[in-house]
Protein chains: 2
Amino acid sequence: MALKSDLSLDIDKISSDTMADVVEMRLRDYFKKKSFKPGDALPKEQELAEALGVSRNVLREALSRLRMLGMIETKKKRGMILSSPDVLGGFQRVLDPLIISPDALQDLFELRLILEMGLADVLFLNLNDKSIRELEIIANSEKKKNKEAFRIANEIAFHGKLYEMAGNDTLKRFQHMLLPVFGFVLQVENEFLSGSVSHQDLVEILKSGNKDDFRNGMYEHLKPHFDRLEALKKIN
Amino acid sequence: MALKSDLSLDIDKISSDTMADVVEMRLRDYFKKKSFKPGDALPKEQELAEALGVSRNVLREALSRLRMLGMIETKKKRGMILSSPDVLGGFQRVLDPLIISPDALQDLFELRLILEMGLADVLFLNLNDKSIRELEIIANSEKKKNKEAFRIANEIAFHGKLYEMAGNDTLKRFQHMLLPVFGFVLQVENEFLSGSVSHQDLVEILKSGNKDDFRNGMYEHLKPHFDRLEALKKIN
DNA sequence: ACTCGTTTTTATGTAGTACAAAAACATTTG
DNA sequence: CAAATGTTTTTGTACTACATAAAAACGAGT
């Protein structure tokens with residue numbers, strides 16, 4: 001261990017970065033250094049390629065990445081402009097339960113529980129009668145049908161509505177992306193448990209209770225998941 | 001509105017997608033359809049390019065994106081393999097307070113408040129004496145120095161430690177990425193307020209209190225930020 | 001027969017050229 | 001003067017060529 005760290009001090013790690021990787025970073029630095037703002041025009045491809053000393057090919061591989069993230073937009077003749085990327089775009093592209101690691105999957109599952117529990121304060125800041133009524137309609141529609149598929153869709157609708165009521169668009173989209181992960185973990189665990197507090201109970205709390213009541217209710221609603229977590233933690 | 005939607009039903013929207021965009025999607029679909037798992041080898045570039053009917057150039061632009069996200073790795077001769085992407089990698093690349101939109105910035109600020117408030121349950125699942133002592137050391141080191149720069153660094157250290165104690169690596173990294181955003185918003189607002197509950201108070205609660213105590217303490221600690229939020233919401 | 005070193009093969013990484021397409025700009029013509 | 005048309009410019013796509021690295025195959029020597 002000691003020897004290894006000594007070595008790593010003396011010898012620079014070989015960067016297996018490809019040119020496209022380097023160019024991507026250099027472009028990012030360049031944007032920062034020049035403090036470009038969204039809307040600003042960028043030099044054309046050939047100029048950039050020449051300035052960086054790489055082929056237009058490599059440059060375009062790097063630009064392709066930035067374009068995917070929404071950092072730049074290009075129009076045929078007008079050239080490229082810097083733009084405001086969608087903060088969740090890169091996240092969405094990667095969120096496939098089948099390819100992300102089990103550890104990360106578990107982390108994201110926990111993350112959603114944390115979000116649900118933390119939602120109360122912001123939710124109560126935005127509360128209004130209209131949205132509570134809409135939520136109630138969703139909650140009440142559960143009794144009628146009993147199919148499993150419908151229950152899951154309804155579960156999604158209810159919690160999604162809660163996020164929407166928090167009035168934070170990024171949060172709502174984030175939650176929506178997390179749904180497949182949540183569903184996948186539950187499916188693997190082969191259980192779709194429901195706590196002692198129902199959706200309808202939660203609606204009642206929103207009507208007449210306060211933040212703490214809601215939080216406690218939400219905890220009870222999610223209790224089976226927390227119990228599962230606790231059991232998991234004890235094993236490790 | 002009605003006319004417009006009628007039209008959009010009859011006429012397909014012109015996709016201004018570039019070939020690289022299309023290829024990126026097609027590759028993603030292909031991986032799913034074949035249910036490739038991390039570690040599986042992928043066909044070589046030429047085969048893919050021919051199968052898709054595009055130049056190797058375009059294909060590589062798409063692959064470059066997937067490589068950036070960590071979805072694929074390539075070794076010189078062995079070809080490409082699918083791999084487990086870092087779920088936060090794409091996020092990190094985009095999280096520059098100077099280029100993301102003010103709305104998204106505000107959303108992320110809220111998101112961090114929500115996370116802090118929701119942390120209690122998972123935190124208490126992982127609580128142990130050692131980490132509490134470490135947290136206490138951080139909290140106590142505040143009194144000694146009074147420089148602004150130190151206060152901010154300490155603020156970061158304290159809250160970062162809390163996330164670390166929750167035992168969720170993805171969450172901790174997420175919080176760490178959000179720090180610049182948080183700092184930026186506060187800097188723009190030109191205030192670095194502190195609630196009535198200090199870091200040391202929070203440590204005491206962790207020692208002898210329960211989850212609800214901690215949550216209430218955290219709310220008071222963050223109260224200035226929530227007050228600011230409330231004022232903002234009222235304006236809109 | 002086994003190990004070590006050399007050569008061959010193969011896939012990716014990079015460069016360069018060429019041309020198509022679209023959009024802004026310039027010019028011509030009624 | 002306006003509309004139509006042509007020109008220029010920049011991105012998008014294709015193709016070729018070669019460098020490079022690494023596995024695989026091969027061969028020599030003990």
# chains A, B, ... in the order shown; residues from 1 in each chain; ligands from 1
>>> calpha_fit_and_write(fixed="chain A", moving="chain B", output="mmCIF file with C-alpha atoms, in the first residue's frame")
data_model
loop_
_atom_site.group_PDB
_atom_site.id
_atom_site.type_symbol
_atom_site.label_atom_id
_atom_site.label_comp_id
_atom_site.auth_asym_id
_atom_site.auth_seq_id
_atom_site.Cartn_x
_atom_site.Cartn_y
_atom_site.Cartn_z
ATOM 1 C CA MET B 1 0.298 1.133 0.072
ATOM 2 C CA ALA B 2 3.016 3.600 1.000
ATOM 3 C CA LEU B 3 5.174 2.430 -1.843
ATOM 4 C CA LYS B 4 2.299 2.662 -4.228
ATOM 5 C CA SER B 5 1.468 6.229 -3.325
ATOM 6 C CA ASP B 6 5.133 7.161 -3.562
ATOM 7 C CA LEU B 7 5.203 5.832 -7.049
ATOM 8 C CA SER B 8 2.017 7.558 -8.076
ATOM 9 C CA LEU B 9 3.542 10.810 -6.940
ATOM 10 C CA ASP B 10 6.582 10.328 -9.111
ATOM 11 C CA ILE B 11 4.980 8.885 -12.175
ATOM 12 C CA ASP B 12 2.064 10.500 -13.903
ATOM 13 C CA LYS B 13 -0.767 8.137 -14.543
ATOM 14 C CA ILE B 14 -1.099 7.281 -18.187
ATOM 15 C CA SER B 15 -4.227 8.916 -19.400
ATOM 16 C CA SER B 16 -6.122 6.471 -21.528
ATOM 17 C CA ASP B 17 -8.364 9.329 -22.529
ATOM 18 C CA THR B 18 -9.144 9.530 -26.154
ATOM 19 C CA MET B 19 -8.791 12.780 -28.070
ATOM 20 C CA ALA B 20 -12.538 13.263 -27.995
ATOM 21 C CA ASP B 21 -12.436 13.090 -24.188
ATOM 22 C CA VAL B 22 -9.736 15.694 -24.045
ATOM 23 C CA VAL B 23 -11.436 17.960 -26.528
ATOM 24 C CA GLU B 24 -14.688 17.698 -24.609
ATOM 25 C CA MET B 25 -12.981 18.914 -21.454
ATOM 26 C CA ARG B 26 -11.064 21.593 -23.267
ATOM 27 C CA LEU B 27 -14.243 22.932 -24.794
ATOM 28 C CA ARG B 28 -15.914 23.021 -21.418
ATOM 29 C CA ASP B 29 -12.979 24.887 -19.947
ATOM 30 C CA TYR B 30 -13.008 27.240 -22.887
ATOM 31 C CA PHE B 31 -16.661 28.100 -22.357
ATOM 32 C CA LYS B 32 -16.058 28.790 -18.691
ATOM 33 C CA LYS B 33 -12.890 30.756 -19.256
ATOM 34 C CA LYS B 34 -14.574 32.977 -21.807
ATOM 35 C CA SER B 35 -17.642 33.065 -19.561
ATOM 36 C CA PHE B 36 -19.936 32.386 -22.453
ATOM 37 C CA LYS B 37 -23.586 32.684 -21.606
ATOM 38 C CA PRO B 38 -26.528 30.879 -23.184
ATOM 39 C CA GLY B 39 -27.227 32.396 -26.553
ATOM 40 C CA ASP B 40 -23.658 33.360 -27.317
ATOM 41 C CA ALA B 41 -22.301 32.269 -30.648
ATOM 42 C CA LEU B 42 -19.371 29.889 -30.796
ATOM 43 C CA PRO B 43 -16.571 29.719 -33.348
ATOM 44 C CA LYS B 44 -17.116 27.419 -36.268
ATOM 45 C CA GLU B 45 -16.005 23.849 -36.336
ATOM 46 C CA GLN B 46 -12.983 24.305 -38.523
ATOM 47 C CA GLU B 47 -11.606 27.118 -36.420
ATOM 48 C CA LEU B 48 -12.076 25.129 -33.248
ATOM 49 C CA ALA B 49 -10.521 22.050 -34.782
ATOM 50 C CA GLU B 50 -7.503 23.988 -35.968
ATOM 51 C CA ALA B 51 -7.125 25.818 -32.685
ATOM 52 C CA LEU B 52 -7.184 22.520 -30.829
ATOM 53 C CA GLY B 53 -4.971 20.791 -33.354
ATOM 54 C CA VAL B 54 -7.344 17.912 -33.984
ATOM 55 C CA SER B 55 -9.304 16.732 -36.940
ATOM 56 C CA ARG B 56 -12.796 18.009 -37.487
ATOM 57 C CA ASN B 57 -13.851 14.446 -36.908
ATOM 58 C CA VAL B 58 -12.651 14.299 -33.358
ATOM 59 C CA LEU B 59 -13.985 17.729 -32.638
ATOM 60 C CA ARG B 60 -17.396 16.672 -33.847
ATOM 61 C CA GLU B 61 -17.369 13.637 -31.584
ATOM 62 C CA ALA B 62 -16.893 15.971 -28.650
ATOM 63 C CA LEU B 63 -19.473 18.437 -29.910
ATOM 64 C CA SER B 64 -21.887 15.582 -30.378
ATOM 65 C CA ARG B 65 -21.678 14.884 -26.669
ATOM 66 C CA LEU B 66 -22.291 18.465 -25.696
ATOM 67 C CA ARG B 67 -25.157 18.637 -28.151
ATOM 68 C CA MET B 68 -26.724 15.569 -26.604
ATOM 69 C CA LEU B 69 -26.597 17.193 -23.192
ATOM 70 C CA GLY B 70 -28.184 20.310 -24.612
ATOM 71 C CA MET B 71 -25.192 22.475 -23.895
ATOM 72 C CA ILE B 72 -24.930 23.629 -27.485
ATOM 73 C CA GLU B 73 -27.318 23.971 -30.365
ATOM 74 C CA THR B 74 -26.371 24.278 -33.986
ATOM 75 C CA LYS B 75 -28.177 25.703 -36.951
ATOM 76 C CA LYS B 76 -27.020 25.047 -40.430
ATOM 77 C CA LYS B 77 -25.396 28.291 -41.326
ATOM 78 C CA ARG B 78 -25.641 30.399 -38.209
ATOM 79 C CA GLY B 79 -23.142 28.222 -36.448
ATOM 80 C CA MET B 80 -23.320 26.990 -32.921
ATOM 81 C CA ILE B 81 -24.620 28.720 -29.838
ATOM 82 C CA LEU B 82 -24.236 27.840 -26.220
ATOM 83 C CA SER B 83 -27.549 27.019 -24.622
ATOM 84 C CA SER B 84 -29.113 26.100 -21.314
ATOM 85 C CA PRO B 85 -28.941 22.357 -21.002
ATOM 86 C CA ASP B 86 -31.718 20.311 -19.562
ATOM 87 C CA VAL B 87 -30.312 19.389 -16.175
ATOM 88 C CA LEU B 88 -32.007 16.001 -16.196
ATOM 89 C CA GLY B 89 -31.337 15.071 -19.800
ATOM 90 C CA GLY B 90 -28.153 13.176 -19.132
ATOM 91 C CA PHE B 91 -29.739 11.447 -16.203
ATOM 92 C CA GLN B 92 -32.697 10.217 -18.160
ATOM 93 C CA ARG B 93 -30.562 8.620 -20.827
ATOM 94 C CA VAL B 94 -28.829 6.420 -18.329
ATOM 95 C CA LEU B 95 -31.697 5.417 -16.109
ATOM 96 C CA ASP B 96 -32.298 1.916 -17.352
ATOM 97 C CA PRO B 97 -32.807 -0.487 -14.451
ATOM 98 C CA LEU B 98 -31.357 -3.302 -16.520
ATOM 99 C CA ILE B 99 -27.947 -1.772 -16.982
ATOM 100 C CA ILE B 100 -27.232 0.310 -13.914
ATOM 101 C CA SER B 101 -25.519 -1.469 -11.075
ATOM 102 C CA PRO B 102 -27.569 -3.063 -8.286
ATOM 103 C CA ASP B 103 -25.894 -0.770 -5.755
ATOM 104 C CA ALA B 104 -26.906 2.348 -7.648
ATOM 105 C CA LEU B 105 -30.370 0.895 -8.040
ATOM 106 C CA GLN B 106 -30.693 0.496 -4.304
ATOM 107 C CA ASP B 107 -29.365 4.009 -3.763
ATOM 108 C CA LEU B 108 -31.956 5.453 -6.094
ATOM 109 C CA PHE B 109 -34.694 3.524 -4.360
ATOM 110 C CA GLU B 110 -33.651 5.098 -1.088
ATOM 111 C CA LEU B 111 -33.375 8.454 -2.754
ATOM 112 C CA ARG B 112 -37.001 8.356 -3.688
ATOM 113 C CA LEU B 113 -38.022 7.546 -0.139
ATOM 114 C CA ILE B 114 -35.983 10.496 1.045
ATOM 115 C CA LEU B 115 -37.648 12.769 -1.460
ATOM 116 C CA GLU B 116 -41.119 11.683 -0.447
ATOM 117 C CA MET B 117 -40.332 12.267 3.188
ATOM 118 C CA GLY B 118 -38.789 15.656 2.527
ATOM 119 C CA LEU B 119 -41.605 16.814 0.315
ATOM 120 C CA ALA B 120 -43.883 18.029 3.099
ATOM 121 C CA ASP B 121 -42.430 21.479 3.659
ATOM 122 C CA VAL B 122 -42.324 22.589 0.052
ATOM 123 C CA LEU B 123 -45.663 20.947 -0.553
ATOM 124 C CA PHE B 124 -47.348 22.970 2.160
ATOM 125 C CA LEU B 125 -45.871 26.146 0.753
ATOM 126 C CA ASN B 126 -47.783 25.556 -2.472
ATOM 127 C CA LEU B 127 -50.976 24.050 -1.154
ATOM 128 C CA ASN B 128 -54.325 25.167 -2.551
ATOM 129 C CA ASP B 129 -57.861 23.789 -2.564
ATOM 130 C CA LYS B 130 -58.008 23.054 -6.256
ATOM 131 C CA SER B 131 -55.037 20.726 -6.296
ATOM 132 C CA ILE B 132 -56.220 18.975 -3.158
ATOM 133 C CA ARG B 133 -59.526 18.238 -4.857
ATOM 134 C CA GLU B 134 -57.710 16.851 -7.866
ATOM 135 C CA LEU B 135 -55.594 14.677 -5.618
ATOM 136 C CA GLU B 136 -58.706 13.453 -3.843
ATOM 137 C CA ILE B 137 -60.250 12.356 -7.109
ATOM 138 C CA ILE B 138 -57.211 10.230 -7.804
ATOM 139 C CA ALA B 139 -57.271 8.725 -4.326
ATOM 140 C CA ASN B 140 -60.972 7.952 -4.497
ATOM 141 C CA SER B 141 -60.765 6.244 -7.838
ATOM 142 C CA GLU B 142 -58.800 3.453 -6.237
ATOM 143 C CA LYS B 143 -61.717 1.780 -4.555
ATOM 144 C CA LYS B 144 -63.624 1.201 -7.728
ATOM 145 C CA LYS B 145 -61.193 -0.934 -9.616
ATOM 146 C CA ASN B 146 -59.059 -3.612 -8.146
ATOM 147 C CA LYS B 147 -56.859 -4.809 -10.920
ATOM 148 C CA GLU B 148 -53.200 -4.933 -10.134
ATOM 149 C CA ALA B 149 -52.230 -2.945 -13.193
ATOM 150 C CA PHE B 150 -54.639 -0.230 -12.245
ATOM 151 C CA ARG B 151 -53.405 -0.124 -8.687
ATOM 152 C CA ILE B 152 -49.868 0.484 -9.882
ATOM 153 C CA ALA B 153 -50.948 3.163 -12.355
ATOM 154 C CA ASN B 154 -52.935 4.786 -9.600
ATOM 155 C CA GLU B 155 -50.053 4.628 -7.188
ATOM 156 C CA ILE B 156 -47.967 6.441 -9.758
ATOM 157 C CA ALA B 157 -50.665 8.991 -10.422
ATOM 158 C CA PHE B 158 -51.145 9.785 -6.757
ATOM 159 C CA HIS B 159 -47.515 10.248 -5.872
ATOM 160 C CA GLY B 160 -46.866 12.044 -9.142
ATOM 161 C CA LYS B 161 -49.619 14.487 -8.300
ATOM 162 C CA LEU B 162 -48.016 15.149 -4.936
ATOM 163 C CA TYR B 163 -44.759 16.080 -6.626
ATOM 164 C CA GLU B 164 -46.621 18.243 -9.078
ATOM 165 C CA MET B 165 -48.301 20.035 -6.175
ATOM 166 C CA ALA B 166 -44.897 20.906 -4.803
ATOM 167 C CA GLY B 167 -44.599 23.204 -7.796
ATOM 168 C CA ASN B 168 -41.094 22.139 -8.703
ATOM 169 C CA ASP B 169 -40.911 21.038 -12.284
ATOM 170 C CA THR B 170 -37.418 19.592 -12.090
ATOM 171 C CA LEU B 171 -38.406 17.576 -9.053
ATOM 172 C CA LYS B 172 -41.493 16.228 -10.743
ATOM 173 C CA ARG B 173 -39.554 15.120 -13.770
ATOM 174 C CA PHE B 174 -36.926 13.591 -11.541
ATOM 175 C CA GLN B 175 -39.523 11.582 -9.713
ATOM 176 C CA HIS B 176 -41.029 10.491 -12.985
ATOM 177 C CA MET B 177 -37.697 9.202 -14.176
ATOM 178 C CA LEU B 178 -37.195 7.334 -10.938
ATOM 179 C CA LEU B 179 -40.478 5.465 -11.349
ATOM 180 C CA PRO B 180 -39.103 2.640 -13.491
ATOM 181 C CA VAL B 181 -36.343 2.130 -10.960
ATOM 182 C CA PHE B 182 -38.812 2.064 -8.128
ATOM 183 C CA GLY B 183 -41.059 -0.317 -9.977
ATOM 184 C CA PHE B 184 -38.171 -2.553 -10.900
ATOM 185 C CA VAL B 185 -36.896 -2.897 -7.347
ATOM 186 C CA LEU B 186 -40.382 -3.699 -6.118
ATOM 187 C CA GLN B 187 -40.844 -6.214 -8.879
ATOM 188 C CA VAL B 188 -37.591 -7.945 -8.031
ATOM 189 C CA GLU B 189 -38.601 -7.996 -4.396
ATOM 190 C CA ASN B 190 -41.891 -9.381 -5.630
ATOM 191 C CA GLU B 191 -43.995 -7.334 -3.310
ATOM 192 C CA PHE B 192 -46.098 -4.252 -3.590
ATOM 193 C CA LEU B 193 -46.815 -3.514 -0.013
ATOM 194 C CA SER B 194 -48.961 -0.769 1.280
ATOM 195 C CA GLY B 195 -48.687 0.814 4.674
ATOM 196 C CA SER B 196 -51.366 1.381 7.241
ATOM 197 C CA VAL B 197 -52.039 4.892 5.984
ATOM 198 C CA SER B 198 -53.834 5.006 2.647
ATOM 199 C CA HIS B 199 -53.844 7.627 -0.056
ATOM 200 C CA GLN B 200 -57.215 8.779 1.154
ATOM 201 C CA ASP B 201 -55.860 9.210 4.646
ATOM 202 C CA LEU B 202 -53.105 11.381 3.246
ATOM 203 C CA VAL B 203 -55.639 13.543 1.457
ATOM 204 C CA GLU B 204 -57.532 14.041 4.695
ATOM 205 C CA ILE B 205 -54.326 15.102 6.397
ATOM 206 C CA LEU B 206 -53.652 17.624 3.658
ATOM 207 C CA LYS B 207 -57.109 19.065 4.205
ATOM 208 C CA SER B 208 -57.060 19.427 7.944
ATOM 209 C CA GLY B 209 -53.615 18.549 9.239
ATOM 210 C CA ASN B 210 -50.257 20.237 9.341
ATOM 211 C CA LYS B 211 -46.852 19.446 7.919
ATOM 212 C CA ASP B 212 -45.841 17.111 10.694
ATOM 213 C CA ASP B 213 -49.058 15.166 10.468
ATOM 214 C CA PHE B 214 -48.471 14.735 6.778
ATOM 215 C CA ARG B 215 -44.918 13.619 7.250
ATOM 216 C CA ASN B 216 -45.909 11.070 9.828
ATOM 217 C CA GLY B 217 -48.682 9.851 7.583
ATOM 218 C CA MET B 218 -46.318 9.546 4.673
ATOM 219 C CA TYR B 219 -43.887 7.589 6.812
ATOM 220 C CA GLU B 220 -46.579 5.125 7.789
ATOM 221 C CA HIS B 221 -47.649 4.911 4.169
ATOM 222 C CA LEU B 222 -44.100 4.037 3.150
ATOM 223 C CA LYS B 223 -43.373 1.990 6.228
ATOM 224 C CA PRO B 224 -43.064 -1.378 4.482
ATOM 225 C CA HIS B 225 -40.287 0.049 2.354
ATOM 226 C CA PHE B 226 -38.453 1.477 5.328
ATOM 227 C CA ASP B 227 -38.798 -1.837 7.123
ATOM 228 C CA ARG B 228 -37.262 -3.576 4.159
ATOM 229 C CA LEU B 229 -34.422 -1.079 4.188
ATOM 230 C CA GLU B 230 -33.810 -1.633 7.866
ATOM 231 C CA ALA B 231 -33.648 -5.363 7.387
ATOM 232 C CA LEU B 232 -31.209 -4.889 4.534
ATOM 233 C CA LYS B 233 -28.940 -2.635 6.569
ATOM 234 C CA LYS B 234 -28.804 -5.137 9.389
ATOM 235 C CA ILE B 235 -27.551 -7.841 7.095
ATOM 236 C CA ASN B 236 -24.596 -5.710 6.052
#
>>> residues_around(residues="DA26 in chain C", least_positions_apart="6", cutoff="12 Å", atoms="only C-alpha atoms (C1' of nucleotides)", output="list in words")
DT5, DG6, DT7 and DT8 of chain D
>>> write_last_selection(atoms="all heavy atoms", output="PDB file, in the first residue's frame")
ATOM      1  P    DT D   5     -37.481  31.503 -60.177  1.00  0.00           P
ATOM      2  OP1  DT D   5     -37.874  30.927 -61.475  1.00  0.00           O
ATOM      3  OP2  DT D   5     -37.795  30.809 -58.923  1.00  0.00           O
ATOM      4  O5'  DT D   5     -35.908  31.772 -60.218  1.00  0.00           O
ATOM      5  C5'  DT D   5     -35.387  32.856 -60.987  1.00  0.00           C
ATOM      6  C4'  DT D   5     -33.926  33.074 -60.633  1.00  0.00           C
ATOM      7  O4'  DT D   5     -33.818  33.863 -59.429  1.00  0.00           O
ATOM      8  C3'  DT D   5     -33.140  31.790 -60.376  1.00  0.00           C
ATOM      9  O3'  DT D   5     -32.012  31.747 -61.227  1.00  0.00           O
ATOM     10  C2'  DT D   5     -32.760  31.870 -58.902  1.00  0.00           C
ATOM     11  C1'  DT D   5     -32.739  33.372 -58.665  1.00  0.00           C
ATOM     12  N1   DT D   5     -32.941  33.782 -57.242  1.00  0.00           N
ATOM     13  C2   DT D   5     -32.030  34.621 -56.644  1.00  0.00           C
ATOM     14  O2   DT D   5     -31.066  35.066 -57.214  1.00  0.00           O
ATOM     15  N3   DT D   5     -32.320  34.932 -55.330  1.00  0.00           N
ATOM     16  C4   DT D   5     -33.395  34.491 -54.580  1.00  0.00           C
ATOM     17  O4   DT D   5     -33.548  34.841 -53.428  1.00  0.00           O
ATOM     18  C5   DT D   5     -34.312  33.616 -55.273  1.00  0.00           C
ATOM     19  C7   DT D   5     -35.508  33.076 -54.552  1.00  0.00           C
ATOM     20  C6   DT D   5     -34.047  33.299 -56.550  1.00  0.00           C
ATOM     21  P    DG D   6     -31.087  30.425 -61.242  1.00  0.00           P
ATOM     22  OP1  DG D   6     -30.786  30.135 -62.654  1.00  0.00           O
ATOM     23  OP2  DG D   6     -31.669  29.381 -60.383  1.00  0.00           O
ATOM     24  O5'  DG D   6     -29.771  31.007 -60.577  1.00  0.00           O
ATOM     25  C5'  DG D   6     -29.182  32.194 -61.111  1.00  0.00           C
ATOM     26  C4'  DG D   6     -28.107  32.706 -60.184  1.00  0.00           C
ATOM     27  O4'  DG D   6     -28.704  33.073 -58.911  1.00  0.00           O
ATOM     28  C3'  DG D   6     -27.002  31.706 -59.867  1.00  0.00           C
ATOM     29  O3'  DG D   6     -25.761  32.390 -59.934  1.00  0.00           O
ATOM     30  C2'  DG D   6     -27.323  31.255 -58.435  1.00  0.00           C
ATOM     31  C1'  DG D   6     -27.945  32.517 -57.853  1.00  0.00           C
ATOM     32  N9   DG D   6     -28.866  32.319 -56.732  1.00  0.00           N
ATOM     33  C8   DG D   6     -30.025  31.584 -56.733  1.00  0.00           C
ATOM     34  N7   DG D   6     -30.659  31.612 -55.583  1.00  0.00           N
ATOM     35  C5   DG D   6     -29.861  32.419 -54.775  1.00  0.00           C
ATOM     36  C6   DG D   6     -30.029  32.821 -53.424  1.00  0.00           C
ATOM     37  O6   DG D   6     -30.943  32.534 -52.661  1.00  0.00           O
ATOM     38  N1   DG D   6     -28.978  33.641 -53.010  1.00  0.00           N
ATOM     39  C2   DG D   6     -27.912  34.024 -53.788  1.00  0.00           C
ATOM     40  N2   DG D   6     -27.014  34.802 -53.209  1.00  0.00           N
ATOM     41  N3   DG D   6     -27.748  33.667 -55.049  1.00  0.00           N
ATOM     42  C4   DG D   6     -28.751  32.864 -55.482  1.00  0.00           C
ATOM     43  P    DT D   7     -24.400  31.573 -59.843  1.00  0.00           P
ATOM     44  OP1  DT D   7     -23.474  32.115 -60.854  1.00  0.00           O
ATOM     45  OP2  DT D   7     -24.699  30.125 -59.817  1.00  0.00           O
ATOM     46  O5'  DT D   7     -23.884  32.016 -58.407  1.00  0.00           O
ATOM     47  C5'  DT D   7     -23.952  33.385 -58.041  1.00  0.00           C
ATOM     48  C4'  DT D   7     -23.352  33.584 -56.656  1.00  0.00           C
ATOM     49  O4'  DT D   7     -24.382  33.373 -55.657  1.00  0.00           O
ATOM     50  C3'  DT D   7     -22.207  32.644 -56.293  1.00  0.00           C
ATOM     51  O3'  DT D   7     -21.186  33.410 -55.679  1.00  0.00           O
ATOM     52  C2'  DT D   7     -22.842  31.643 -55.324  1.00  0.00           C
ATOM     53  C1'  DT D   7     -23.910  32.498 -54.646  1.00  0.00           C
ATOM     54  N1   DT D   7     -25.095  31.767 -54.121  1.00  0.00           N
ATOM     55  C2   DT D   7     -25.552  32.058 -52.860  1.00  0.00           C
ATOM     56  O2   DT D   7     -25.024  32.876 -52.144  1.00  0.00           O
ATOM     57  N3   DT D   7     -26.665  31.346 -52.476  1.00  0.00           N
ATOM     58  C4   DT D   7     -27.342  30.395 -53.213  1.00  0.00           C
ATOM     59  O4   DT D   7     -28.325  29.828 -52.756  1.00  0.00           O
ATOM     60  C5   DT D   7     -26.813  30.134 -54.513  1.00  0.00           C
ATOM     61  C7   DT D   7     -27.477  29.111 -55.390  1.00  0.00           C
ATOM     62  C6   DT D   7     -25.727  30.825 -54.912  1.00  0.00           C
ATOM     63  P    DT D   8     -19.805  32.691 -55.292  1.00  0.00           P
ATOM     64  OP1  DT D   8     -18.691  33.597 -55.633  1.00  0.00           O
ATOM     65  OP2  DT D   8     -19.822  31.306 -55.802  1.00  0.00           O
ATOM     66  O5'  DT D   8     -19.964  32.678 -53.706  1.00  0.00           O
ATOM     67  C5'  DT D   8     -20.379  33.858 -53.052  1.00  0.00           C
ATOM     68  C4'  DT D   8     -20.600  33.587 -51.571  1.00  0.00           C
ATOM     69  O4'  DT D   8     -21.837  32.845 -51.374  1.00  0.00           O
ATOM     70  C3'  DT D   8     -19.508  32.777 -50.884  1.00  0.00           C
ATOM     71  O3'  DT D   8     -19.245  33.365 -49.626  1.00  0.00           O
ATOM     72  C2'  DT D   8     -20.114  31.391 -50.748  1.00  0.00           C
ATOM     73  C1'  DT D   8     -21.583  31.741 -50.535  1.00  0.00           C
ATOM     74  N1   DT D   8     -22.577  30.686 -50.926  1.00  0.00           N
ATOM     75  C2   DT D   8     -23.639  30.456 -50.096  1.00  0.00           C
ATOM     76  O2   DT D   8     -23.806  31.043 -49.052  1.00  0.00           O
ATOM     77  N3   DT D   8     -24.510  29.492 -50.545  1.00  0.00           N
ATOM     78  C4   DT D   8     -24.411  28.757 -51.717  1.00  0.00           C
ATOM     79  O4   DT D   8     -25.254  27.924 -52.006  1.00  0.00           O
ATOM     80  C5   DT D   8     -23.272  29.056 -52.534  1.00  0.00           C
ATOM     81  C7   DT D   8     -23.073  28.314 -53.820  1.00  0.00           C
ATOM     82  C6   DT D   8     -22.410  30.001 -52.109  1.00  0.00           C
TER      83       DT D   8
END
>>> interface_residues(of="chain D", to="chain A", cutoff="8 Å", atoms="only C-alpha atoms (C1' of nucleotides)", output="ChimeraX atom specification")
/D:9-11
>>> interface_residues(of="chain C", to="chain A", cutoff="10 Å", atoms="only C-alpha atoms (C1' of nucleotides)", output="ChimeraX atom specification")
/C:13-16,21-24
>>> select_by_dssp(residues="range 190-236 of chain B", states="helix (DSSP H, G or I)", output="number ranges by chain")
B: 199-208, 211-235
